[in-house]
Amino acid sequence: MGAVVALDTLFNGGQVWKGRPAPPAASPQPTGHDALDAALPSGGWPEAALTELLIAAPGVGELQLVWPTLARLSAAGERIVLVAPPFVPYPQAWQNAGIDLRQLSIIRADEREALWATEQCLRSGSCGAVLCWPRQADDRALRRLQVAAETGQTLAFAWRPIQEAINPSPAALRIAIDTRPAQLRVLKCRGGLARSAPIAFSTHTGH
Amino acid sequence: MRWVCILFPQLALDAALRQRPDPDQPLALLTGPAQRRVLQAVNAPARALGLRPGQTMTAAQALSKGFATAEYDAAQIEHWQQFLAAWAYRFSSQVSVHYPRTLLFEIESSLGLFGPWPVFEARLRAELTELGFRHRIVAAPNPVAARVLANAYDALVVPDAETLQQYLGHMPVERIGLEPDVAMALSRMGLRRLSQVQALPRQTLARRFEAQVLKHLDALTGSRTLALSFYLPPDRFDVRIELNYDVQSHQALLFPLRRLTGDLSAFLCGRDSGVQRFDLHLEHAGLPDTVIKVGLLSAERAPAMLFELARGRLEQIQVEAPVRGFRLCAEDLPSFVPQRLELFDERPQQSLPWEQLRERLRARLGDDAVQGLGFRDDHRPECAWQMTSQPRSQACPVRDGVQRPGWLLDEPQALPQGQAQILMGPERIETGWWDGADVRRDYYLIETRSGQRGWAYRPVGEGGPLWLQGWFA
């Protein structure tokens, strides 16, 4: 009986490749983008972990990637904290994305304090998701965030410049967003091999 | 068993000791004129040095140099008794400070709430030990008997009048609260115990002694009730700790701060209120006080939280002069509404509620660091948002078909010619003529060469560059 359980954990952990692709179990934290869900070993964001989104510049759909998740969390009454966002969130756009603005909190802080505030929010366990934009975070700072996310069982998202892609990172999931062509590249994901093929990602601008 | 008497055998010493970080250091309280200082009270380590109450200061210094001294202040004793009454007020509405260094309060009606007496007593002892006061606790059917029995017993419970009579009967006449001359007269008559006095005919006692004596004896047995005036808690909290040395670092202020916030919390629990604003005064010699204002968004009273918030504010202050005294003042004490907590909380055990987290962030980052995103019904993008500390209760209406960028720039930026191509537009926004910030703009969805999507406008009727105002992130 014990061997069966061990095998199951191996399968679920994505450590054994099976010739026949099995539909992934429903993840507790689906991303809301089907193609991305299919590419991730857990079928969604890694739970209670740091996710790194690498972008070259603003305006490439980096928010649309997480809006479905935030909408789901805010509908469930979870608090969403933005620590030192680079721009002002436009309320109508966030509202149109289905996010309850009452669940949204914005923390103003400078670079050093922002990391501290992020860690506090993650560690507290009272937030559903914590979003941060570290500009000069080193490996140690990110590791702290990762540990804090584990401690507080909270989703953490960090947007970082694409130049950081060559540096190793303790984040559980690293996704780079490309614009030409519009696609997502999973650089690293815990619990499985990163899929080398990019995932098409169209920014829906609606008109 | 309706009344509890808590006797504080060394209230003055405890009050002085609890303001010191190291209570095991020898300490003596001094009294008397400057020419003849006399030791009024000493703690156990000082007693081990050979110091005794009643010694002169010179004699004490001849014995040892290694002890600290503090002034024996009668006003302080009164103050601490009031403080303890405020603490006891949470357990009973009938708290009396009728006797010095003693609290009397009625408990029969509180037992339903605080559990059976052994549990209740353990709680009282735990809280008093936490506050740093030595104590003796006796419960008895009437207040006078409780007070008298506290002279001789600790942790005594007298359930009914019969048992009370047994205990009282054994009490020596010197210790039943009679005037010394009356007690002396009784013992010279050969009456050593209260039972012997009570065996005498009342007329003879009435003839030999003042009426007070019989009244007191009747009050002891409960056949005559004593009129007690009850304690009313004050509407403000103001406690000061005098530091005996110049303090120049934050670290040294943390101990008194912990005491002060702990006391504030005990006081608030007694009143069943919380605190939303309080002031910390750092007193300097010859300079005006440094006042640190601590403000909270909601009423709180948890001691750890008050301490942490006050500490966060304190650590940011730069003080020019050494600190001599430390005072905590709270004027506004709104009623405390406990947080609603889920019975089955899915979050881990160590989780910190959002309200506490918010206060912690505000304490370090500034009062307006944590804000919600407010919404205003305005078509002008720069007017459509506002940061609020209290988010509105209703959600903003959803406009379908209107595409707005997720990010809005603080200031519009001019886009160089040829940097971007227009994907869609224009959408005209023309409004605001009534408040002076008139806006006539054509908005376009643009895409830059690197593939970023933005939201840019050009004022109507003007050429020139596009102004970038947002990113479709």
# chains A, B, ... in the order shown; residues from 1 in each chain; ligands from 1
>>> closest_atom_pairs(of="stretch 64-121 of chain A", to="stretch 149-165 of chain A", cutoff="10 Å", atoms="only C-alpha atoms", output="tab-separated table")
residue	atom	partner	partner_atom	distance
A:Val66	CA	A:Phe157	CA	8.7
A:Thr69	CA	A:Leu155	CA	10.0
A:Ile80	CA	A:Leu155	CA	9.7
A:Val81	CA	A:Ala156	CA	9.8
A:Leu82	CA	A:Phe157	CA	9.7
A:Val83	CA	A:Ala158	CA	9.9
A:Pro85	CA	A:Trp159	CA	9.9
A:Thr118	CA	A:Ala156	CA	8.8
A:Glu119	CA	A:Ala149	CA	7.8
A:Gln120	CA	A:Gly152	CA	9.3
A:Cys121	CA	A:Gly152	CA	8.4
>>> write_last_selection(atoms="N, CA, C and O atoms", output="CSV table (one decimal), in the first residue's frame")
chain,number,residue,atom,x,y,z
A,66,VAL,N,-2.6,38.2,-14.5
A,66,VAL,CA,-3.0,37.9,-13.1
A,66,VAL,C,-4.4,38.3,-12.8
A,66,VAL,O,-5.0,38.0,-11.7
A,69,THR,N,-7.0,35.7,-11.7
A,69,THR,CA,-6.7,35.2,-10.4
A,69,THR,C,-7.1,36.2,-9.3
A,69,THR,O,-7.8,35.8,-8.3
A,80,ILE,N,-6.2,41.8,-1.5
A,80,ILE,CA,-5.1,41.8,-2.5
A,80,ILE,C,-4.3,43.1,-2.2
A,80,ILE,O,-4.9,44.2,-2.1
A,81,VAL,N,-3.1,42.9,-2.0
A,81,VAL,CA,-2.2,44.1,-1.6
A,81,VAL,C,-1.2,44.4,-2.7
A,81,VAL,O,-0.5,43.5,-3.2
A,82,LEU,N,-1.2,45.6,-3.2
A,82,LEU,CA,-0.2,46.1,-4.1
A,82,LEU,C,0.9,46.9,-3.4
A,82,LEU,O,0.5,47.9,-2.8
A,83,VAL,N,2.1,46.4,-3.4
A,83,VAL,CA,3.1,47.1,-2.6
A,83,VAL,C,3.9,47.9,-3.6
A,83,VAL,O,4.5,47.4,-4.5
A,85,PRO,N,3.2,50.0,-6.3
A,85,PRO,CA,3.0,49.8,-7.7
A,85,PRO,C,3.7,50.9,-8.5
A,85,PRO,O,3.8,52.0,-8.0
A,118,THR,N,6.3,44.0,1.8
A,118,THR,CA,5.9,42.8,1.1
A,118,THR,C,6.1,41.5,2.0
A,118,THR,O,5.2,40.7,2.1
A,119,GLU,N,7.2,41.5,2.6
A,119,GLU,CA,7.4,40.3,3.5
A,119,GLU,C,6.4,40.3,4.6
A,119,GLU,O,5.9,39.2,4.9
A,120,GLN,N,6.1,41.4,5.2
A,120,GLN,CA,5.2,41.5,6.3
A,120,GLN,C,3.8,41.0,5.8
A,120,GLN,O,3.1,40.2,6.5
A,121,CYS,N,3.4,41.5,4.7
A,121,CYS,CA,2.1,41.1,4.1
A,121,CYS,C,2.0,39.6,3.9
A,121,CYS,O,1.0,38.9,4.2
>>> residues_around(residues="B:Gly54", least_positions_apart="4", cutoff="9 Å", atoms="only C-alpha atoms", output="list in words")
Val38, Leu39, Gln40 and Ala41 of chain B
>>> select_by_dssp(residues="stretch 311-459 of chain B", states="alpha helix (DSSP H)", output="list in words")
Arg311, Gly312, Arg313, Leu314, Trp354, Glu355, Gln356, Leu357, Arg358, Glu359, Arg360, Leu361, Arg362, Ala363, Arg364 and Leu365 of chain B
>>> interface_residues(of="chain A", to="chain B", cutoff="7 Å", atoms="only C-alpha atoms", output="ChimeraX atom specification")
/A:58-64,87-96,100-102,104-109,117,124-126,152,179-180
>>> write_last_selection(atoms="N, CA and C atoms", output="mmCIF file, in the first residue's frame")
data_model
loop_
_atom_site.group_PDB
_atom_site.id
_atom_site.type_symbol
_atom_site.label_atom_id
_atom_site.label_comp_id
_atom_site.auth_asym_id
_atom_site.auth_seq_id
_atom_site.Cartn_x
_atom_site.Cartn_y
_atom_site.Cartn_z
ATOM 1 N N PRO A 58 6.541 48.147 -19.376
ATOM 2 C CA PRO A 58 5.117 48.068 -19.031
ATOM 3 C C PRO A 58 4.257 48.061 -20.282
ATOM 4 N N GLY A 59 3.036 47.582 -20.128
ATOM 5 C CA GLY A 59 2.103 47.613 -21.242
ATOM 6 C C GLY A 59 2.178 46.396 -22.134
ATOM 7 N N VAL A 60 2.631 45.270 -21.611
ATOM 8 C CA VAL A 60 2.719 44.062 -22.433
ATOM 9 C C VAL A 60 1.745 43.000 -21.946
ATOM 10 N N GLY A 61 0.750 43.416 -21.166
ATOM 11 C CA GLY A 61 -0.240 42.457 -20.695
ATOM 12 C C GLY A 61 0.140 41.802 -19.391
ATOM 13 N N GLU A 62 1.031 42.446 -18.656
ATOM 14 C CA GLU A 62 1.505 41.807 -17.432
ATOM 15 C C GLU A 62 0.423 41.765 -16.350
ATOM 16 N N LEU A 63 -0.528 42.688 -16.413
ATOM 17 C CA LEU A 63 -1.613 42.636 -15.428
ATOM 18 C C LEU A 63 -2.702 41.666 -15.857
ATOM 19 N N GLN A 64 -2.914 41.624 -17.169
ATOM 20 C CA GLN A 64 -3.971 40.723 -17.647
ATOM 21 C C GLN A 64 -3.658 39.271 -17.321
ATOM 22 N N PHE A 87 2.737 52.408 -11.253
ATOM 23 C CA PHE A 87 1.802 53.394 -11.774
ATOM 24 C C PHE A 87 0.532 53.345 -10.919
ATOM 25 N N VAL A 88 -0.393 54.228 -11.275
ATOM 26 C CA VAL A 88 -1.668 54.236 -10.564
ATOM 27 C C VAL A 88 -2.589 53.196 -11.203
ATOM 28 N N PRO A 89 -3.181 52.328 -10.409
ATOM 29 C CA PRO A 89 -4.157 51.414 -11.001
ATOM 30 C C PRO A 89 -5.423 52.185 -11.385
ATOM 31 N N TYR A 90 -5.850 51.988 -12.635
ATOM 32 C CA TYR A 90 -7.053 52.689 -13.110
ATOM 33 C C TYR A 90 -8.266 51.906 -12.607
ATOM 34 N N PRO A 91 -9.079 52.510 -11.736
ATOM 35 C CA PRO A 91 -10.130 51.718 -11.076
ATOM 36 C C PRO A 91 -11.074 51.037 -12.057
ATOM 37 N N GLN A 92 -11.479 51.772 -13.125
ATOM 38 C CA GLN A 92 -12.463 51.177 -14.042
ATOM 39 C C GLN A 92 -11.910 49.912 -14.690
ATOM 40 N N ALA A 93 -10.621 49.967 -15.052
ATOM 41 C CA ALA A 93 -10.054 48.800 -15.735
ATOM 42 C C ALA A 93 -10.013 47.608 -14.799
ATOM 43 N N TRP A 94 -9.612 47.859 -13.552
ATOM 44 C CA TRP A 94 -9.524 46.751 -12.598
ATOM 45 C C TRP A 94 -10.911 46.219 -12.288
ATOM 46 N N GLN A 95 -11.859 47.166 -12.209
ATOM 47 C CA GLN A 95 -13.238 46.751 -11.957
ATOM 48 C C GLN A 95 -13.773 45.926 -13.124
ATOM 49 N N ASN A 96 -13.468 46.386 -14.360
ATOM 50 C CA ASN A 96 -13.931 45.637 -15.533
ATOM 51 C C ASN A 96 -13.326 44.249 -15.576
ATOM 52 N N ASP A 100 -12.916 43.188 -7.173
ATOM 53 C CA ASP A 100 -13.636 44.012 -6.206
ATOM 54 C C ASP A 100 -12.646 44.997 -5.595
ATOM 55 N N LEU A 101 -12.838 46.288 -5.909
ATOM 56 C CA LEU A 101 -11.855 47.287 -5.472
ATOM 57 C C LEU A 101 -11.808 47.426 -3.962
ATOM 58 N N ARG A 102 -12.865 47.014 -3.301
ATOM 59 C CA ARG A 102 -12.864 47.129 -1.834
ATOM 60 C C ARG A 102 -11.856 46.196 -1.205
ATOM 61 N N LEU A 104 -8.939 45.727 -2.402
ATOM 62 C CA LEU A 104 -7.629 46.113 -2.909
ATOM 63 C C LEU A 104 -6.992 47.113 -1.948
ATOM 64 N N SER A 105 -5.765 46.867 -1.576
ATOM 65 C CA SER A 105 -5.038 47.834 -0.752
ATOM 66 C C SER A 105 -3.720 48.161 -1.429
ATOM 67 N N ILE A 106 -3.383 49.420 -1.345
ATOM 68 C CA ILE A 106 -2.148 49.869 -1.981
ATOM 69 C C ILE A 106 -1.229 50.404 -0.900
ATOM 70 N N ILE A 107 -0.001 49.945 -0.898
ATOM 71 C CA ILE A 107 0.965 50.402 0.106
ATOM 72 C C ILE A 107 2.007 51.239 -0.600
ATOM 73 N N ARG A 108 2.189 52.439 -0.096
ATOM 74 C CA ARG A 108 3.211 53.313 -0.660
ATOM 75 C C ARG A 108 4.475 53.169 0.163
ATOM 76 N N ALA A 109 5.540 52.876 -0.508
ATOM 77 C CA ALA A 109 6.797 52.716 0.209
ATOM 78 C C ALA A 109 7.933 52.892 -0.776
ATOM 79 N N ALA A 117 7.690 45.613 3.568
ATOM 80 C CA ALA A 117 6.225 45.579 3.617
ATOM 81 C C ALA A 117 5.700 44.333 2.917
ATOM 82 N N SER A 124 2.015 37.569 7.118
ATOM 83 C CA SER A 124 0.858 37.693 8.007
ATOM 84 C C SER A 124 -0.204 36.642 7.694
ATOM 85 N N GLY A 125 -0.296 36.233 6.453
ATOM 86 C CA GLY A 125 -1.318 35.248 6.118
ATOM 87 C C GLY A 125 -2.708 35.826 6.024
ATOM 88 N N SER A 126 -2.833 37.153 6.081
ATOM 89 C CA SER A 126 -4.170 37.741 6.009
ATOM 90 C C SER A 126 -4.491 38.230 4.600
ATOM 91 N N GLY A 152 3.106 32.275 5.182
ATOM 92 C CA GLY A 152 1.757 32.834 5.275
ATOM 93 C C GLY A 152 0.776 32.186 4.330
ATOM 94 N N THR A 179 6.582 40.173 -26.353
ATOM 95 C CA THR A 179 5.565 40.916 -27.104
ATOM 96 C C THR A 179 5.562 40.554 -28.575
ATOM 97 N N ARG A 180 6.733 40.404 -29.162
ATOM 98 C CA ARG A 180 6.814 40.102 -30.605
ATOM 99 C C ARG A 180 7.447 38.749 -30.797
#
>>> select_by_dssp(residues="stretch 216-329 of chain B", states="strand (DSSP E)", output="PyMOL selection string")
chain B and resi 237-247+275-283+290-300+323-329
>>> residues_around(residues="B:Phe255", least_positions_apart="2", cutoff="12 Å", atoms="only C-alpha atoms", output="ChimeraX atom specification")
/B:18-22,241,243,247,249-253,257-262,307,311,326
>>> residues_around(residues="B:Ala152", least_positions_apart="3", cutoff="12 Å", atoms="only C-alpha atoms", output="JSON list (two decimals) with N, CA, C and O atoms, in the first residue's frame")
[["chain", "number", "residue", "atom", "x", "y", "z"],
["B", 7, "LEU", "N", -5.15, 41.97, 49.10],
["B", 7, "LEU", "CA", -4.28, 42.83, 49.90],
["B", 7, "LEU", "C", -2.92, 42.89, 49.21],
["B", 7, "LEU", "O", -2.40, 41.86, 48.78],
["B", 9, "PRO", "N", 0.67, 43.54, 50.03],
["B", 9, "PRO", "CA", 1.50, 43.75, 51.21],
["B", 9, "PRO", "C", 2.64, 44.73, 50.97],
["B", 9, "PRO", "O", 3.09, 45.37, 51.90],
["B", 136, "ARG", "N", -2.29, 39.05, 48.37],
["B", 136, "ARG", "CA", -2.94, 37.98, 49.10],
["B", 136, "ARG", "C", -4.43, 38.09, 48.80],
["B", 136, "ARG", "O", -5.00, 39.17, 48.78],
["B", 137, "ILE", "N", -5.05, 36.95, 48.56],
["B", 137, "ILE", "CA", -6.45, 36.97, 48.14],
["B", 137, "ILE", "C", -7.28, 36.15, 49.12],
["B", 137, "ILE", "O", -6.93, 35.01, 49.44],
["B", 138, "VAL", "N", -8.36, 36.74, 49.58],
["B", 138, "VAL", "CA", -9.27, 36.04, 50.49],
["B", 138, "VAL", "C", -10.69, 36.33, 50.03],
["B", 138, "VAL", "O", -11.02, 37.46, 49.68],
["B", 145, "ALA", "N", -15.06, 41.15, 56.84],
["B", 145, "ALA", "CA", -14.45, 39.88, 57.21],
["B", 145, "ALA", "C", -13.35, 39.51, 56.22],
["B", 145, "ALA", "O", -12.28, 39.01, 56.61],
["B", 146, "ALA", "N", -13.60, 39.78, 54.94],
["B", 146, "ALA", "CA", -12.58, 39.47, 53.93],
["B", 146, "ALA", "C", -11.31, 40.26, 54.21],
["B", 146, "ALA", "O", -10.20, 39.72, 54.16],
["B", 147, "ARG", "N", -11.49, 41.53, 54.55],
["B", 147, "ARG", "CA", -10.33, 42.37, 54.82],
["B", 147, "ARG", "C", -9.56, 41.86, 56.05],
["B", 147, "ARG", "O", -8.33, 41.80, 56.04],
["B", 148, "VAL", "N", -10.32, 41.49, 57.10],
["B", 148, "VAL", "CA", -9.66, 41.07, 58.34],
["B", 148, "VAL", "C", -8.95, 39.73, 58.14],
["B", 148, "VAL", "O", -7.82, 39.54, 58.58],
["B", 149, "LEU", "N", -9.61, 38.81, 57.43],
["B", 149, "LEU", "CA", -8.99, 37.51, 57.22],
["B", 149, "LEU", "C", -7.75, 37.61, 56.33],
["B", 149, "LEU", "O", -6.83, 36.81, 56.44],
["B", 155, "ALA", "N", -5.25, 32.93, 50.02],
["B", 155, "ALA", "CA", -5.97, 31.89, 49.27],
["B", 155, "ALA", "C", -7.01, 31.20, 50.13],
["B", 155, "ALA", "O", -7.23, 30.00, 50.02],
["B", 156, "LEU", "N", -7.65, 31.96, 51.00],
["B", 156, "LEU", "CA", -8.68, 31.39, 51.86],
["B", 156, "LEU", "C", -10.05, 31.65, 51.24],
["B", 156, "LEU", "O", -10.30, 32.73, 50.72],
["B", 167, "TYR", "N", -13.43, 30.76, 61.52],
["B", 167, "TYR", "CA", -12.16, 31.41, 61.19],
["B", 167, "TYR", "C", -11.96, 32.67, 62.00],
["B", 167, "TYR", "O", -10.89, 32.93, 62.55],
["B", 168, "LEU", "N", -13.04, 33.46, 62.10],
["B", 168, "LEU", "CA", -12.92, 34.74, 62.81],
["B", 168, "LEU", "C", -12.63, 34.51, 64.28],
["B", 168, "LEU", "O", -11.87, 35.25, 64.90],
["B", 170, "HIS", "N", -10.86, 32.44, 65.69],
["B", 170, "HIS", "CA", -9.45, 32.16, 65.99],
["B", 170, "HIS", "C", -8.55, 33.36, 65.81],
["B", 170, "HIS", "O", -7.38, 33.30, 66.14],
["B", 171, "MET", "N", -9.09, 34.43, 65.23],
["B", 171, "MET", "CA", -8.22, 35.57, 64.95],
["B", 171, "MET", "C", -7.81, 36.25, 66.25],
["B", 171, "MET", "O", -8.64, 36.48, 67.13],
["B", 172, "PRO", "N", -6.54, 36.60, 66.43],
["B", 172, "PRO", "CA", -6.12, 37.36, 67.60],
["B", 172, "PRO", "C", -6.71, 38.77, 67.56],
["B", 172, "PRO", "O", -6.93, 39.32, 66.47],
["B", 173, "VAL", "N", -6.99, 39.33, 68.72],
["B", 173, "VAL", "CA", -7.68, 40.62, 68.76],
["B", 173, "VAL", "C", -6.86, 41.75, 68.16],
["B", 173, "VAL", "O", -7.40, 42.76, 67.73],
["B", 174, "GLU", "N", -5.52, 41.57, 68.11],
["B", 174, "GLU", "CA", -4.70, 42.64, 67.54],
["B", 174, "GLU", "C", -4.89, 42.76, 66.03],
["B", 174, "GLU", "O", -4.51, 43.77, 65.45],
["B", 175, "ARG", "N", -5.42, 41.72, 65.42],
["B", 175, "ARG", "CA", -5.39, 41.72, 63.96],
["B", 175, "ARG", "C", -6.78, 41.77, 63.36],
["B", 175, "ARG", "O", -6.97, 41.38, 62.21],
["B", 176, "ILE", "N", -7.76, 42.21, 64.12],
["B", 176, "ILE", "CA", -9.11, 42.22, 63.56],
["B", 176, "ILE", "C", -9.55, 43.62, 63.19],
["B", 176, "ILE", "O", -10.73, 43.89, 63.00],
["B", 177, "GLY", "N", -8.59, 44.53, 63.07],
["B", 177, "GLY", "CA", -8.95, 45.84, 62.55],
["B", 177, "GLY", "C", -9.46, 46.81, 63.59],
["B", 177, "GLY", "O", -10.05, 47.83, 63.24]]
>>> atom_distance(atom1="atom CA of A:Ser42", atom2="atom CA of A:Thr9")
12.5 Å
>>> closest_residue(among="B:Phe230, B:Ser223, B:Tyr72, B:Gln10", to="B:Gly32", atoms="only C-alpha atoms")
B:Tyr72
>>> atom_distance(atom1="atom CA of A:Pro28", atom2="atom CA of A:Ala48")
10.7 Å
>>> closest_residue(among="A:Glu47, A:Glu52, A:Asp37, A:Asp8", to="A:Ala176", atoms="only C-alpha atoms")
A:Glu52
>>> residues_around(residues="B:Gly432", least_positions_apart="5", cutoff="9 Å", atoms="only C-alpha atoms", output="count of residues only")
7
>>> atom_distance(atom1="atom CA of B:His284", atom2="atom CA of B:Gly325")
7.0 Å
